[in-house]
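Okay, structure first, notes after.
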Amino acid sequence: MLEMRGITKRFPGVVANDDVSFDLRAGEVHTLLGENGAGKSTLMKILFGLYQPDAGEILLQGRPVTITSPTDAIEHRIGMVHQHFMLVPTLTVAENVALGLPSMRRPFTDLDTVSQRMVEISDQYGLTVDPSIEVWKLSVGERQRVEIIKALYREAELLVLDEPTAVLTPQEVDDLFVILRQMTEAGRGLVFISHKLREVLDLSDRITVLRNGVVTGTTVPAEASLERLAEMMVGREVSLAPDKPPVATGRPRLVLEHVTVIGDRDTVAVDGVDLEVRAGEIVGIAGVSGNGQRELAETIAGLRPAEPGSSVQIDRADVTTADAATTRAAGLAYVPEERMKDGAIGEFDVGENLLLVNHRDPSFLRGGLFDFERIRLHCQRLVDAFSVKTPTLQTPTSSLSGGNIQKLILARELDSDPTVLLAAQPTRGVDIGAAEYIHGQLIERRSEGVAVLLISEDLDEILALADRIAVMYEGRIVQLVDRADATREGLGLAMAGAADRSPG
Amino acid sequence: MIRRALGAVVPVGAALVAFLFGAIMIVALGANPIDGLVAMLDGAFGTRERLATTAVRATPLLLVGVGICVAFRAKVINIGGEGQIVIGALASTAVALAVPGTPKVLLLPMVIVAGMVGGGFWGAIPGALKAYASVNEILSTIMLNLVAVQVMNYLLRGPMIDPLEVEGSRIPQTERLTDNAALPTLLSGTRLHLGVVIGITAAVAAYVLLWRTPLGFRLRAVGHNPNAARASGISVERSIVTAMAISGSLSGLAGVVLVFGSESLRMVTDGSAAGFTSAAGFNGIVAALFGALHPLWTIPSAFLFGGLLTGANNLQRVLQIPSPLAVALNGIVVVFVVSSGRVRTWIEQRIRQPVDDRGASAPVAGGGG
């Protein structure tokens, strides 16, 4: 039903798509696989009319078409479910679906007919959502269903799903896949964008891999494996399961006792968490984001106050009420969840960001002023040691890739020789090579006796790295198991809140 | 490269457009704009004396402007220059009045410190209000300007009034300070005094502070991204208060220069802030903006605006055009310099193809759509 031939799109300095061809048949799921910056999004934005290609053509049902805007795309029955939902939270589901469509009873709305048709669509695909409920009351999974309904309501025959599973629990992913299969059975064509290899193998009929704007191959799940796909994405062999030498665990270095934290919305975000991380172990906190992980991390890092009765200790020092400087002095290194918000300063150059934590160090000063030669040597050493790819130390940090910014933050944080390392989503949105490197660093520090607390939404990451796994749900740790006893299914259920919870 | 070039070209372009408007106003006032321009340039830079006067008038603008730069780097907008000048001047004058016999080498450092402490304190108040109570600093600094005027009027009409005025016309002014309090003249026959050196030194010091010291590093980090600064152990609150205190102390220093560099050698007002400051607290903001909020660029920028002020006086003398024209020109420059940021972004977007989501625009650069 769709053919994109020889699509080329250049941006200054980069060729985002270089002679890319991609086709989609009715009734199939065709996955676009590739790392960030490989050109998946560019290709789909061209299809949706957000970009114009410099060369190449698009054919729908065999006829060449020009798509110059999303309105055009919708008229051609192309729908897109964006990674970041395009919904108005204060409006109801029906109002969101009707948004931008002409009413049949102008100047009045026709929300009752919209609701009616919506319910028909919902029933057909098992997309149960109440049309009269406001969107802000919905869970993330439900919001995604609204996005899909929106596209179906506009009679999309071809649906692009941009990383739809990124925000879902494993169970929600299963539910989504059931819905998607029903849609292909009804003859619709789906383009699935993802970098989660396991899901890709699970769902796809065909898989096309992009690397640096070029198609590196098209394959079918029967002939592919996780390792083979990763290799096609990265261009070299990668180890998906890092080697983890056994390490004898030592004394507890990070101790949380009944930590309770109030979140931004004045509700209890972290609810009486008890946890110990010992020297030489990695404790993973699994869970869908928004269940208190961010607040817990900020409290440990001294950025958010804990409620009375809570206790946070780093190497036996009580840091419950300490600020970030004191917590760091006690031995904490902190890799925050949002690297451009909390981790690095985009406008600062690479060197300045490397200096952020220890700029007071007297060895960088001469007569009260910065000794730039010394600082340069220090930063160059870190950049080399952590293979941060940057043209110069004076390069603005915001122009680096996500993976390199993350390596920069890690370099800065680990330079202080911490005893406790708190890493929140350390590889989110990071290319496979950088993720591999970061994982290696976490394991190396564990071997050196650092207590590592790893917070991640990525269950594969937790399973690959952690020695013990805690599952957080609605601010509590609902399950705490040794890695050996953990199963993907069990953790998935706990993440969805189905685990037994002892009262109190 | 393009960014750099634009950074220089756009403000100059803005100034040229502003002067074009000035020319139109001169025509509207019934004079030849070429004569007007000549009169202004001659009045500002024509002779040694006039150059010196321009430098002297530029100094308070420079000091306030450098303070604006420091605060801005920490993302604090200090509109309280007027009030900080007044409090700095009052503090330093009070010291000079209290110890009249002190020799110059001791007295000048004392009054400079007093002025900086006074202005710094007046700046630290809105800084602390912003840091610890999230009070918008633009509002609080403007309010504190009004408070400072009342403090000044009370003191100059009451406790600090010139004893001769008590029985006289009750002009709000202090008595004339002893000659050992005057800022030494650098060039005989002109008004050029030590204040000019103080101003340039302060600008260089601010540059060094911001880009060569850990404190300046923290201020800039907080200005760019307070979240990341806090997460790395920097106290955002303390940095904001510090930035405002430094900014206020530089305005306070401007107050010192205004009193101790004045010909009458006393603090005098007409009951308004501008009656004492000649609006240096606001014109300094203009100078800083025109200097791209960089302390070193603020030096030539302040000199230019000092020239505008002295030039406008000559314009009045030669062509009978009212000197408040300079005020209008100041305002126009502000409008154009501030909006030139927009122009600059717009030009940049035309030059390079957007890589972000706004990508549905013209296909090729220079498409002029």
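Residue numbers start at 1 in each chain; chains themselves are named A, B, ... in the order of the structure tokens; ligands are numbered from 1 in the order shown.
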For this session: Write out as a ChimeraX atom specification every residue belonging to chain A that has an atom at most 7 Å from any atom of chain B, counting only C-alpha atoms.
Result: /A:11-12,50-51,303,324-325,341-345,347,356-357,359-360,368-370
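For stretch 480-488 of chain A, the non-local neighbours within 6 Å, defined as residues at least 5 positions apart in the same chain or in other chains and counting only C-alpha atoms, are Asp467, Arg468, Ile469 and Ala470 of chain A.
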For this session: Rank A:Arg206, A:Arg77, A:Lys196, A:His82 by their smallest atom-to-atom distance to A:Arg145, using only C-alpha atoms, and report the top residue only.
Result: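 Residue with the minimum atom-to-atom distance to A:Arg145: A:His82.
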Problem set entry | Residues flagged strand (DSSP E or B) by DSSP in stretch 110-304 of chain B, as an MDAnalysis selection string | chainID B and resid 173 185 193 268
Alpha helix (DSSP H) per DSSP on the backbone: members of stretch 159-307 of chain A, as a short mmCIF file (atom, residue, chain, number, x, y, z; two decimals) with all heavy atoms, in the first residue's frame:
```cif
data_model
loop_
_atom_site.label_atom_id
_atom_site.label_comp_id
_atom_site.auth_asym_id
_atom_site.auth_seq_id
_atom_site.Cartn_x
_atom_site.Cartn_y
_atom_site.Cartn_z
N PRO A 170 5.20 -4.11 30.94
CA PRO A 170 5.20 -5.29 30.07
C PRO A 170 3.78 -5.79 29.77
O PRO A 170 3.49 -6.17 28.63
CB PRO A 170 5.98 -6.32 30.87
CG PRO A 170 6.91 -5.51 31.71
CD PRO A 170 6.15 -4.26 32.05
N GLN A 171 2.90 -5.74 30.76
CA GLN A 171 1.53 -6.20 30.52
C GLN A 171 0.80 -5.28 29.54
O GLN A 171 0.08 -5.73 28.66
CB GLN A 171 0.75 -6.29 31.84
CG GLN A 171 0.89 -7.63 32.54
CD GLN A 171 2.30 -7.83 33.11
OE1 GLN A 171 2.98 -6.87 33.47
NE2 GLN A 171 2.73 -9.07 33.17
N GLU A 172 1.01 -3.98 29.71
CA GLU A 172 0.37 -3.03 28.80
C GLU A 172 0.89 -3.23 27.37
O GLU A 172 0.16 -3.07 26.41
CB GLU A 172 0.63 -1.59 29.26
CG GLU A 172 -0.24 -1.18 30.43
CD GLU A 172 0.08 0.24 30.92
OE1 GLU A 172 1.27 0.57 31.07
OE2 GLU A 172 -0.86 1.00 31.16
N VAL A 173 2.18 -3.58 27.27
CA VAL A 173 2.76 -3.84 25.95
C VAL A 173 2.04 -5.03 25.32
O VAL A 173 1.65 -4.98 24.15
CB VAL A 173 4.27 -4.11 26.07
CG1 VAL A 173 4.83 -4.62 24.75
CG2 VAL A 173 5.00 -2.85 26.50
N ASP A 174 1.82 -6.09 26.12
CA ASP A 174 1.11 -7.26 25.59
C ASP A 174 -0.27 -6.86 25.09
O ASP A 174 -0.69 -7.26 24.00
CB ASP A 174 0.98 -8.33 26.69
CG ASP A 174 2.33 -8.97 26.99
OD1 ASP A 174 3.27 -8.79 26.17
OD2 ASP A 174 2.45 -9.64 28.03
N ASP A 175 -0.99 -6.05 25.90
CA ASP A 175 -2.33 -5.61 25.50
C ASP A 175 -2.27 -4.83 24.20
O ASP A 175 -3.09 -5.03 23.30
CB ASP A 175 -2.94 -4.71 26.59
CG ASP A 175 -3.22 -5.48 27.87
OD1 ASP A 175 -3.19 -6.73 27.81
OD2 ASP A 175 -3.45 -4.84 28.91
N LEU A 176 -1.29 -3.95 24.10
CA LEU A 176 -1.14 -3.14 22.89
C LEU A 176 -0.92 -4.02 21.68
O LEU A 176 -1.52 -3.82 20.62
CB LEU A 176 0.01 -2.15 23.07
CG LEU A 176 0.35 -1.32 21.83
CD1 LEU A 176 -0.75 -0.29 21.56
CD2 LEU A 176 1.69 -0.59 21.98
N PHE A 177 -0.07 -5.03 21.84
CA PHE A 177 0.25 -5.89 20.70
C PHE A 177 -0.99 -6.64 20.23
O PHE A 177 -1.18 -6.86 19.03
CB PHE A 177 1.37 -6.86 21.07
CG PHE A 177 2.73 -6.21 21.07
CD1 PHE A 177 2.85 -4.83 20.90
CD2 PHE A 177 3.89 -6.95 21.23
CE1 PHE A 177 4.08 -4.22 20.90
CE2 PHE A 177 5.14 -6.35 21.21
CZ PHE A 177 5.23 -4.98 21.06
N VAL A 178 -1.86 -7.05 21.17
CA VAL A 178 -3.11 -7.71 20.78
C VAL A 178 -3.93 -6.75 19.91
O VAL A 178 -4.43 -7.13 18.85
CB VAL A 178 -3.90 -8.14 22.04
CG1 VAL A 178 -5.30 -8.61 21.65
CG2 VAL A 178 -3.15 -9.23 22.78
N ILE A 179 -4.02 -5.50 20.36
CA ILE A 179 -4.79 -4.51 19.60
C ILE A 179 -4.18 -4.30 18.22
O ILE A 179 -4.87 -4.26 17.21
CB ILE A 179 -4.83 -3.17 20.38
CG1 ILE A 179 -5.64 -3.34 21.66
CG2 ILE A 179 -5.38 -2.05 19.52
CD1 ILE A 179 -5.45 -2.23 22.66
N LEU A 180 -2.86 -4.19 18.17
CA LEU A 180 -2.19 -3.95 16.90
C LEU A 180 -2.42 -5.11 15.93
O LEU A 180 -2.62 -4.92 14.74
CB LEU A 180 -0.69 -3.71 17.12
CG LEU A 180 -0.33 -2.47 17.95
CD1 LEU A 180 1.18 -2.29 18.02
CD2 LEU A 180 -0.97 -1.21 17.38
N ARG A 181 -2.41 -6.36 16.47
CA ARG A 181 -2.63 -7.52 15.59
C ARG A 181 -4.04 -7.49 15.01
O ARG A 181 -4.24 -7.79 13.84
CB ARG A 181 -2.42 -8.82 16.38
CG ARG A 181 -0.97 -9.03 16.75
CD ARG A 181 -0.45 -10.40 16.43
NE ARG A 181 0.99 -10.41 16.64
CZ ARG A 181 1.55 -10.43 17.85
NH1 ARG A 181 0.78 -10.46 18.93
NH2 ARG A 181 2.85 -10.40 17.98
N GLN A 182 -5.01 -7.09 15.85
CA GLN A 182 -6.38 -6.98 15.35
C GLN A 182 -6.46 -5.97 14.21
O GLN A 182 -7.19 -6.15 13.25
CB GLN A 182 -7.33 -6.55 16.48
CG GLN A 182 -7.71 -7.71 17.38
CD GLN A 182 -8.56 -7.24 18.55
OE1 GLN A 182 -8.49 -6.08 18.95
NE2 GLN A 182 -9.36 -8.13 19.09
N MET A 183 -5.68 -4.91 14.35
CA MET A 183 -5.72 -3.89 13.32
C MET A 183 -5.12 -4.40 12.02
O MET A 183 -5.63 -4.10 10.94
CB MET A 183 -4.98 -2.64 13.79
CG MET A 183 -5.78 -1.89 14.85
SD MET A 183 -4.87 -0.58 15.68
CE MET A 183 -4.42 0.42 14.33
N THR A 184 -4.05 -5.18 12.10
CA THR A 184 -3.48 -5.72 10.85
C THR A 184 -4.42 -6.75 10.26
O THR A 184 -4.56 -6.83 9.02
CB THR A 184 -2.10 -6.36 11.09
OG1 THR A 184 -2.20 -7.29 12.15
CG2 THR A 184 -1.07 -5.31 11.43
N GLU A 185 -5.09 -7.52 11.10
CA GLU A 185 -6.04 -8.50 10.57
C GLU A 185 -7.16 -7.80 9.81
O GLU A 185 -7.69 -8.35 8.85
CB GLU A 185 -6.62 -9.35 11.71
CG GLU A 185 -5.74 -10.57 12.01
CD GLU A 185 -6.00 -11.12 13.39
OE1 GLU A 185 -7.14 -10.98 13.89
OE2 GLU A 185 -5.05 -11.67 13.99
N LEU A 197 14.70 -4.58 20.97
CA LEU A 197 14.84 -5.68 20.03
C LEU A 197 13.87 -6.81 20.30
O LEU A 197 13.30 -7.40 19.39
CB LEU A 197 16.28 -6.19 20.09
CG LEU A 197 17.33 -5.12 19.81
CD1 LEU A 197 18.72 -5.66 20.06
CD2 LEU A 197 17.21 -4.64 18.38
N ARG A 198 13.65 -7.12 21.58
CA ARG A 198 12.80 -8.24 21.93
C ARG A 198 11.38 -8.03 21.38
O ARG A 198 10.79 -8.92 20.78
CB ARG A 198 12.77 -8.37 23.46
CG ARG A 198 12.36 -9.72 23.97
CD ARG A 198 12.41 -9.71 25.49
NE ARG A 198 13.75 -9.41 26.00
CZ ARG A 198 14.69 -10.35 26.13
NH1 ARG A 198 14.44 -11.59 25.80
NH2 ARG A 198 15.89 -10.04 26.59
N GLU A 199 10.87 -6.81 21.58
CA GLU A 199 9.52 -6.49 21.11
C GLU A 199 9.45 -6.53 19.59
O GLU A 199 8.47 -6.98 19.01
CB GLU A 199 9.13 -5.08 21.55
CG GLU A 199 8.90 -4.96 23.03
CD GLU A 199 8.74 -3.52 23.45
OE1 GLU A 199 8.86 -2.63 22.59
OE2 GLU A 199 8.50 -3.30 24.65
N VAL A 200 10.50 -6.05 18.98
CA VAL A 200 10.53 -5.99 17.52
C VAL A 200 10.40 -7.40 16.95
O VAL A 200 9.61 -7.65 16.04
CB VAL A 200 11.84 -5.31 17.06
CG1 VAL A 200 12.05 -5.52 15.57
CG2 VAL A 200 11.80 -3.83 17.39
N LEU A 201 11.16 -8.35 17.52
CA LEU A 201 11.09 -9.73 17.05
C LEU A 201 9.71 -10.32 17.29
O LEU A 201 9.19 -11.11 16.51
CB LEU A 201 12.14 -10.57 17.77
CG LEU A 201 13.58 -10.38 17.30
CD1 LEU A 201 14.52 -11.21 18.14
CD2 LEU A 201 13.71 -10.74 15.83
N ASP A 202 9.11 -9.89 18.39
CA ASP A 202 7.82 -10.40 18.81
C ASP A 202 6.70 -9.98 17.86
O ASP A 202 5.82 -10.77 17.53
CB ASP A 202 7.55 -9.85 20.22
CG ASP A 202 6.64 -10.77 21.00
OD1 ASP A 202 6.66 -11.98 20.68
OD2 ASP A 202 5.95 -10.28 21.90
N LEU A 203 6.71 -8.74 17.43
CA LEU A 203 5.54 -8.15 16.76
C LEU A 203 5.65 -8.11 15.24
O LEU A 203 4.65 -8.22 14.54
CB LEU A 203 5.32 -6.73 17.30
CG LEU A 203 4.13 -5.96 16.73
CD1 LEU A 203 2.82 -6.52 17.28
CD2 LEU A 203 4.23 -4.47 17.05
N LEU A 226 18.37 -11.45 18.29
CA LEU A 226 18.69 -10.20 19.00
C LEU A 226 20.08 -9.72 18.62
O LEU A 226 20.29 -8.55 18.29
CB LEU A 226 18.64 -10.44 20.52
CG LEU A 226 17.28 -10.75 21.13
CD1 LEU A 226 17.43 -11.02 22.61
CD2 LEU A 226 16.32 -9.60 20.90
N GLU A 227 21.04 -10.66 18.61
CA GLU A 227 22.43 -10.28 18.35
C GLU A 227 22.58 -9.76 16.92
O GLU A 227 23.26 -8.77 16.67
CB GLU A 227 23.37 -11.48 18.57
CG GLU A 227 23.54 -11.88 20.02
CD GLU A 227 22.31 -12.59 20.60
OE1 GLU A 227 21.49 -13.10 19.81
OE2 GLU A 227 22.16 -12.59 21.84
N ARG A 228 21.90 -10.46 15.99
CA ARG A 228 22.02 -10.08 14.57
C ARG A 228 21.44 -8.67 14.37
O ARG A 228 22.04 -7.84 13.68
CB ARG A 228 21.26 -11.13 13.75
CG ARG A 228 21.14 -10.82 12.29
CD ARG A 228 22.37 -11.27 11.49
NE ARG A 228 22.35 -10.66 10.16
CZ ARG A 228 23.10 -9.64 9.79
NH1 ARG A 228 23.98 -9.13 10.64
NH2 ARG A 228 23.02 -9.14 8.58
N LEU A 229 20.28 -8.40 14.98
CA LEU A 229 19.66 -7.09 14.82
C LEU A 229 20.55 -6.00 15.41
O LEU A 229 20.74 -4.93 14.82
CB LEU A 229 18.29 -7.05 15.49
CG LEU A 229 17.17 -7.85 14.79
CD1 LEU A 229 15.88 -7.74 15.59
CD2 LEU A 229 16.93 -7.34 13.38
N ALA A 230 21.08 -6.26 16.60
CA ALA A 230 21.94 -5.26 17.25
C ALA A 230 23.14 -4.96 16.37
O ALA A 230 23.56 -3.82 16.22
CB ALA A 230 22.39 -5.77 18.61
N GLU A 231 23.68 -6.02 15.76
CA GLU A 231 24.84 -5.84 14.90
C GLU A 231 24.48 -4.97 13.69
O GLU A 231 25.24 -4.10 13.28
CB GLU A 231 25.31 -7.22 14.44
CG GLU A 231 26.77 -7.27 14.12
CD GLU A 231 27.15 -8.66 13.65
OE1 GLU A 231 26.83 -9.64 14.36
OE2 GLU A 231 27.74 -8.77 12.56
N MET A 232 23.28 -5.23 13.11
CA MET A 232 22.84 -4.42 11.97
C MET A 232 22.66 -2.96 12.37
O MET A 232 22.92 -2.04 11.59
CB MET A 232 21.52 -4.96 11.41
CG MET A 232 21.67 -6.25 10.61
SD MET A 232 20.05 -7.03 10.30
CE MET A 232 19.44 -6.03 8.95
N MET A 233 22.20 -2.72 13.59
CA MET A 233 21.98 -1.35 14.06
C MET A 233 23.29 -0.62 14.28
O MET A 233 23.43 0.56 13.97
CB MET A 233 21.22 -1.35 15.38
CG MET A 233 19.73 -1.46 15.25
SD MET A 233 19.01 -1.81 16.87
CE MET A 233 19.00 -0.18 17.60
N VAL A 234 24.25 -1.32 14.90
CA VAL A 234 25.47 -0.65 15.36
C VAL A 234 26.59 -0.78 14.34
O VAL A 234 27.46 0.08 14.26
CB VAL A 234 25.91 -1.24 16.72
CG1 VAL A 234 27.12 -0.52 17.26
CG2 VAL A 234 24.77 -1.15 17.71
N GLN A 293 10.11 6.86 41.58
CA GLN A 293 11.55 6.66 41.44
C GLN A 293 12.30 7.98 41.40
O GLN A 293 13.34 8.13 42.02
CB GLN A 293 11.87 5.88 40.15
CG GLN A 293 11.24 4.51 40.07
CD GLN A 293 9.95 4.55 39.28
OE1 GLN A 293 9.11 5.43 39.45
NE2 GLN A 293 9.77 3.57 38.41
N ARG A 294 11.74 8.95 40.64
CA ARG A 294 12.44 10.23 40.49
C ARG A 294 12.54 10.93 41.85
O ARG A 294 13.61 11.42 42.23
CB ARG A 294 11.70 11.12 39.49
CG ARG A 294 12.39 12.42 39.19
CD ARG A 294 11.71 13.13 38.01
NE ARG A 294 10.32 13.44 38.28
CZ ARG A 294 9.91 14.54 38.90
NH1 ARG A 294 10.79 15.43 39.31
NH2 ARG A 294 8.63 14.75 39.11
N GLU A 295 11.44 10.93 42.58
CA GLU A 295 11.43 11.60 43.88
C GLU A 295 12.39 10.91 44.85
O GLU A 295 13.09 11.58 45.62
CB GLU A 295 10.01 11.60 44.46
CG GLU A 295 9.04 12.54 43.74
CD GLU A 295 8.43 11.93 42.49
OE1 GLU A 295 8.81 10.80 42.11
OE2 GLU A 295 7.57 12.59 41.87
N LEU A 296 12.43 9.58 44.80
CA LEU A 296 13.34 8.85 45.68
C LEU A 296 14.79 9.23 45.36
O LEU A 296 15.59 9.53 46.26
CB LEU A 296 13.14 7.34 45.52
CG LEU A 296 14.05 6.46 46.37
CD1 LEU A 296 13.76 6.65 47.86
CD2 LEU A 296 13.91 4.98 46.01
N ALA A 297 15.12 9.25 44.07
CA ALA A 297 16.48 9.58 43.66
C ALA A 297 16.83 11.00 44.11
O ALA A 297 17.92 11.24 44.65
CB ALA A 297 16.62 9.46 42.14
N GLU A 298 15.91 11.94 43.92
CA GLU A 298 16.20 13.32 44.30
C GLU A 298 16.38 13.46 45.81
O GLU A 298 17.17 14.27 46.28
CB GLU A 298 15.08 14.23 43.80
CG GLU A 298 15.13 14.41 42.29
CD GLU A 298 13.97 15.23 41.74
OE1 GLU A 298 13.07 15.62 42.53
OE2 GLU A 298 13.95 15.47 40.54
N THR A 299 15.64 12.67 46.56
CA THR A 299 15.78 12.73 48.02
C THR A 299 17.15 12.20 48.44
O THR A 299 17.83 12.80 49.26
CB THR A 299 14.66 11.93 48.69
OG1 THR A 299 13.42 12.49 48.29
CG2 THR A 299 14.78 11.98 50.19
N ILE A 300 17.55 11.08 47.85
CA ILE A 300 18.87 10.53 48.19
C ILE A 300 19.95 11.54 47.83
O ILE A 300 20.91 11.75 48.58
CB ILE A 300 19.11 9.19 47.45
CG1 ILE A 300 18.09 8.15 47.91
CG2 ILE A 300 20.54 8.70 47.67
CD1 ILE A 300 18.10 6.87 47.09
#
```
Exercise. At what distance in Å, to one decimal, does atom CA of B:Arg266 lie from atom CA of B:Gln150?
Worked result: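 If I compute the distance from atom CA of B:Gln150 to atom CA of B:Arg266, I get 18.3 Å.
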Exercise. Which value, in Å to one decimal, gives the distance between atom CA of A:Asp112 and atom CA of A:Gln83?
Worked result: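 Separating atom CA of A:Asp112 from atom CA of A:Gln83 is a distance of 28.7 Å.
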Can you tell me which residues surround A:Arg445 at a distance of at most 10 Å, considering only C-alpha atoms, apart from same-chain residues fewer than 6 positions away, and format the answer as a compact mmCIF listing (two decimals) with N, CA and C atoms, in the first residue's frame?
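Okay, around38.txt is ready:
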```
# COMPACT_ATOMS: atom_id res chain seq x y z
N ALA A 279 28.25 -2.58 49.62
CA ALA A 279 29.44 -2.43 48.79
C ALA A 279 29.54 -3.62 47.86
N GLY A 280 29.79 -3.36 46.57
CA GLY A 280 30.00 -4.43 45.62
C GLY A 280 28.73 -5.05 45.07
N GLU A 281 27.62 -4.39 45.22
CA GLU A 281 26.41 -4.93 44.57
C GLU A 281 25.69 -3.82 43.80
N ILE A 282 24.94 -4.26 42.80
CA ILE A 282 24.07 -3.36 42.06
C ILE A 282 22.65 -3.72 42.42
N LEU A 414 32.05 9.93 38.31
CA LEU A 414 32.90 8.86 38.81
C LEU A 414 34.29 9.38 39.17
N ASP A 417 35.60 9.49 42.85
CA ASP A 417 35.77 8.25 43.60
C ASP A 417 34.67 8.04 44.62
N PRO A 418 33.43 7.88 44.16
CA PRO A 418 32.31 7.75 45.08
C PRO A 418 32.29 6.40 45.78
N THR A 419 31.56 6.34 46.89
CA THR A 419 31.32 5.06 47.53
C THR A 419 29.93 4.55 47.18
N VAL A 420 29.05 5.50 46.83
CA VAL A 420 27.71 5.14 46.40
C VAL A 420 27.45 5.80 45.04
N LEU A 421 26.98 5.01 44.09
CA LEU A 421 26.64 5.57 42.78
C LEU A 421 25.14 5.40 42.55
N ALA A 451 28.77 0.84 46.03
CA ALA A 451 27.37 0.42 46.10
C ALA A 451 26.61 1.14 45.01
N VAL A 452 26.01 0.39 44.08
CA VAL A 452 25.35 1.01 42.93
C VAL A 452 23.84 0.85 43.05
```
For this session: Within 8 Å of A:Ala269, counting only C-alpha atoms, which residues show up once you throw out same-chain ones fewer than 2 positions away? Write them as a PyMOL selection string, please.
Result: chain A and resi 260-263+267+271+291-292+295+474-475
Just the selected residues (C-alpha atoms), exported as a CSV table (one decimal), in the first residue's frame, please.
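Result saved to out-v6.csv:
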```
chain,number,residue,atom,x,y,z
A,260,THR,CA,8.7,9.1,52.7
A,261,VAL,CA,8.6,11.9,50.2
A,262,ILE,CA,6.0,14.3,49.1
A,263,GLY,CA,5.9,14.9,45.4
A,267,THR,CA,0.8,13.8,47.2
A,271,ASP,CA,5.8,5.8,50.8
A,291,ASN,CA,5.9,5.6,40.6
A,292,GLY,CA,8.1,7.6,42.9
A,295,GLU,CA,11.4,11.6,43.9
A,474,GLU,CA,2.9,3.8,43.7
A,475,GLY,CA,5.8,4.9,45.9
```
Problem set entry | Counting only C-alpha atoms, the residue of A:Arg446, A:Arg5, A:Lys244, A:His378 that sits nearest A:Ser363 |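 Nearest candidate to A:Ser363 out of A:Arg446, A:Arg5, A:Lys244, A:His378: A:His378.
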Problem set entry | Residue nearest B:Gly65 among B:Gly81, B:Pro109, B:Pro126, B:Pro172 (counting only C-alpha atoms) |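 Looking at the shortest contact to B:Gly65, the residue is B:Gly81.
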Exercise. B:Ala287: which residues within 10 Å, counting only C-alpha atoms, same-chain residues fewer than 6 positions away excluded, as a list in words?
Worked result: Ala58, Leu61, Leu62, Leu63, Val64, Gly65, Val66, Ile68, Ala280, Leu293, Trp297, Thr298, Ile299, Pro300, Ser301, Ala302, Phe303, Leu304, Phe305, Gly306, Asn330, Val333 and Val334 of chain B
Problem set entry | Within 9 Å of stretch 56-64 of chain A using only C-alpha atoms, minus same-chain residues under 6 positions, as a list in words |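 Once the nearby chain positions are removed, what remains is Met1, Leu2, Glu3, Met4, Arg5, Gly6, Ile7, Thr8, Asp19, Val20, Ser21, Leu47 and His76 of chain A.
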Exercise. Leaving out B:Arg191 and any residue of its chain fewer than 6 positions from it, which residues lie within 9 Å of it when counting only C-alpha atoms, given as a PyMOL selection string?
Worked result: chain B and resi 49+52-53+56+185+261+263
Go ahead and save the picked residues with all heavy atoms, as a compact mmCIF listing (two decimals), in the first residue's frame.
```txt
# COMPACT_ATOMS: atom_id res chain seq x y z
N GLU B 49 38.14 68.71 26.64
CA GLU B 49 37.25 68.91 27.77
C GLU B 49 35.96 68.11 27.59
O GLU B 49 35.45 67.51 28.50
CB GLU B 49 36.92 70.39 27.96
CG GLU B 49 38.06 71.25 28.44
CD GLU B 49 39.02 71.61 27.31
OE1 GLU B 49 38.69 71.37 26.12
OE2 GLU B 49 40.13 72.11 27.62
N ALA B 52 36.41 64.47 28.06
CA ALA B 52 36.52 64.19 29.48
C ALA B 52 35.14 64.19 30.13
O ALA B 52 34.82 63.30 30.93
CB ALA B 52 37.43 65.22 30.16
N THR B 53 34.33 65.19 29.77
CA THR B 53 32.97 65.25 30.32
C THR B 53 32.17 64.01 29.94
O THR B 53 31.45 63.43 30.76
CB THR B 53 32.25 66.51 29.81
OG1 THR B 53 33.10 67.64 30.07
CG2 THR B 53 30.92 66.69 30.50
N VAL B 56 33.22 61.21 32.06
CA VAL B 56 32.70 61.35 33.42
C VAL B 56 31.22 60.99 33.48
O VAL B 56 30.76 60.30 34.39
CB VAL B 56 32.94 62.79 33.92
CG1 VAL B 56 32.13 63.07 35.18
CG2 VAL B 56 34.43 63.01 34.20
N THR B 185 41.42 64.75 40.37
CA THR B 185 41.32 64.99 38.93
C THR B 185 42.54 64.39 38.26
O THR B 185 43.66 64.46 38.77
CB THR B 185 41.27 66.51 38.66
OG1 THR B 185 40.19 67.04 39.42
CG2 THR B 185 41.04 66.79 37.20
N GLY B 261 32.60 62.79 42.85
CA GLY B 261 33.16 63.34 41.62
C GLY B 261 32.40 64.56 41.16
O GLY B 261 32.70 65.10 40.10
N GLU B 263 30.99 68.48 41.00
CA GLU B 263 31.65 69.76 41.22
C GLU B 263 31.20 70.40 42.52
O GLU B 263 31.96 71.08 43.19
CB GLU B 263 31.36 70.69 40.03
CG GLU B 263 32.26 70.36 38.84
CD GLU B 263 31.78 70.99 37.55
OE1 GLU B 263 30.58 70.89 37.23
OE2 GLU B 263 32.61 71.57 36.85
```
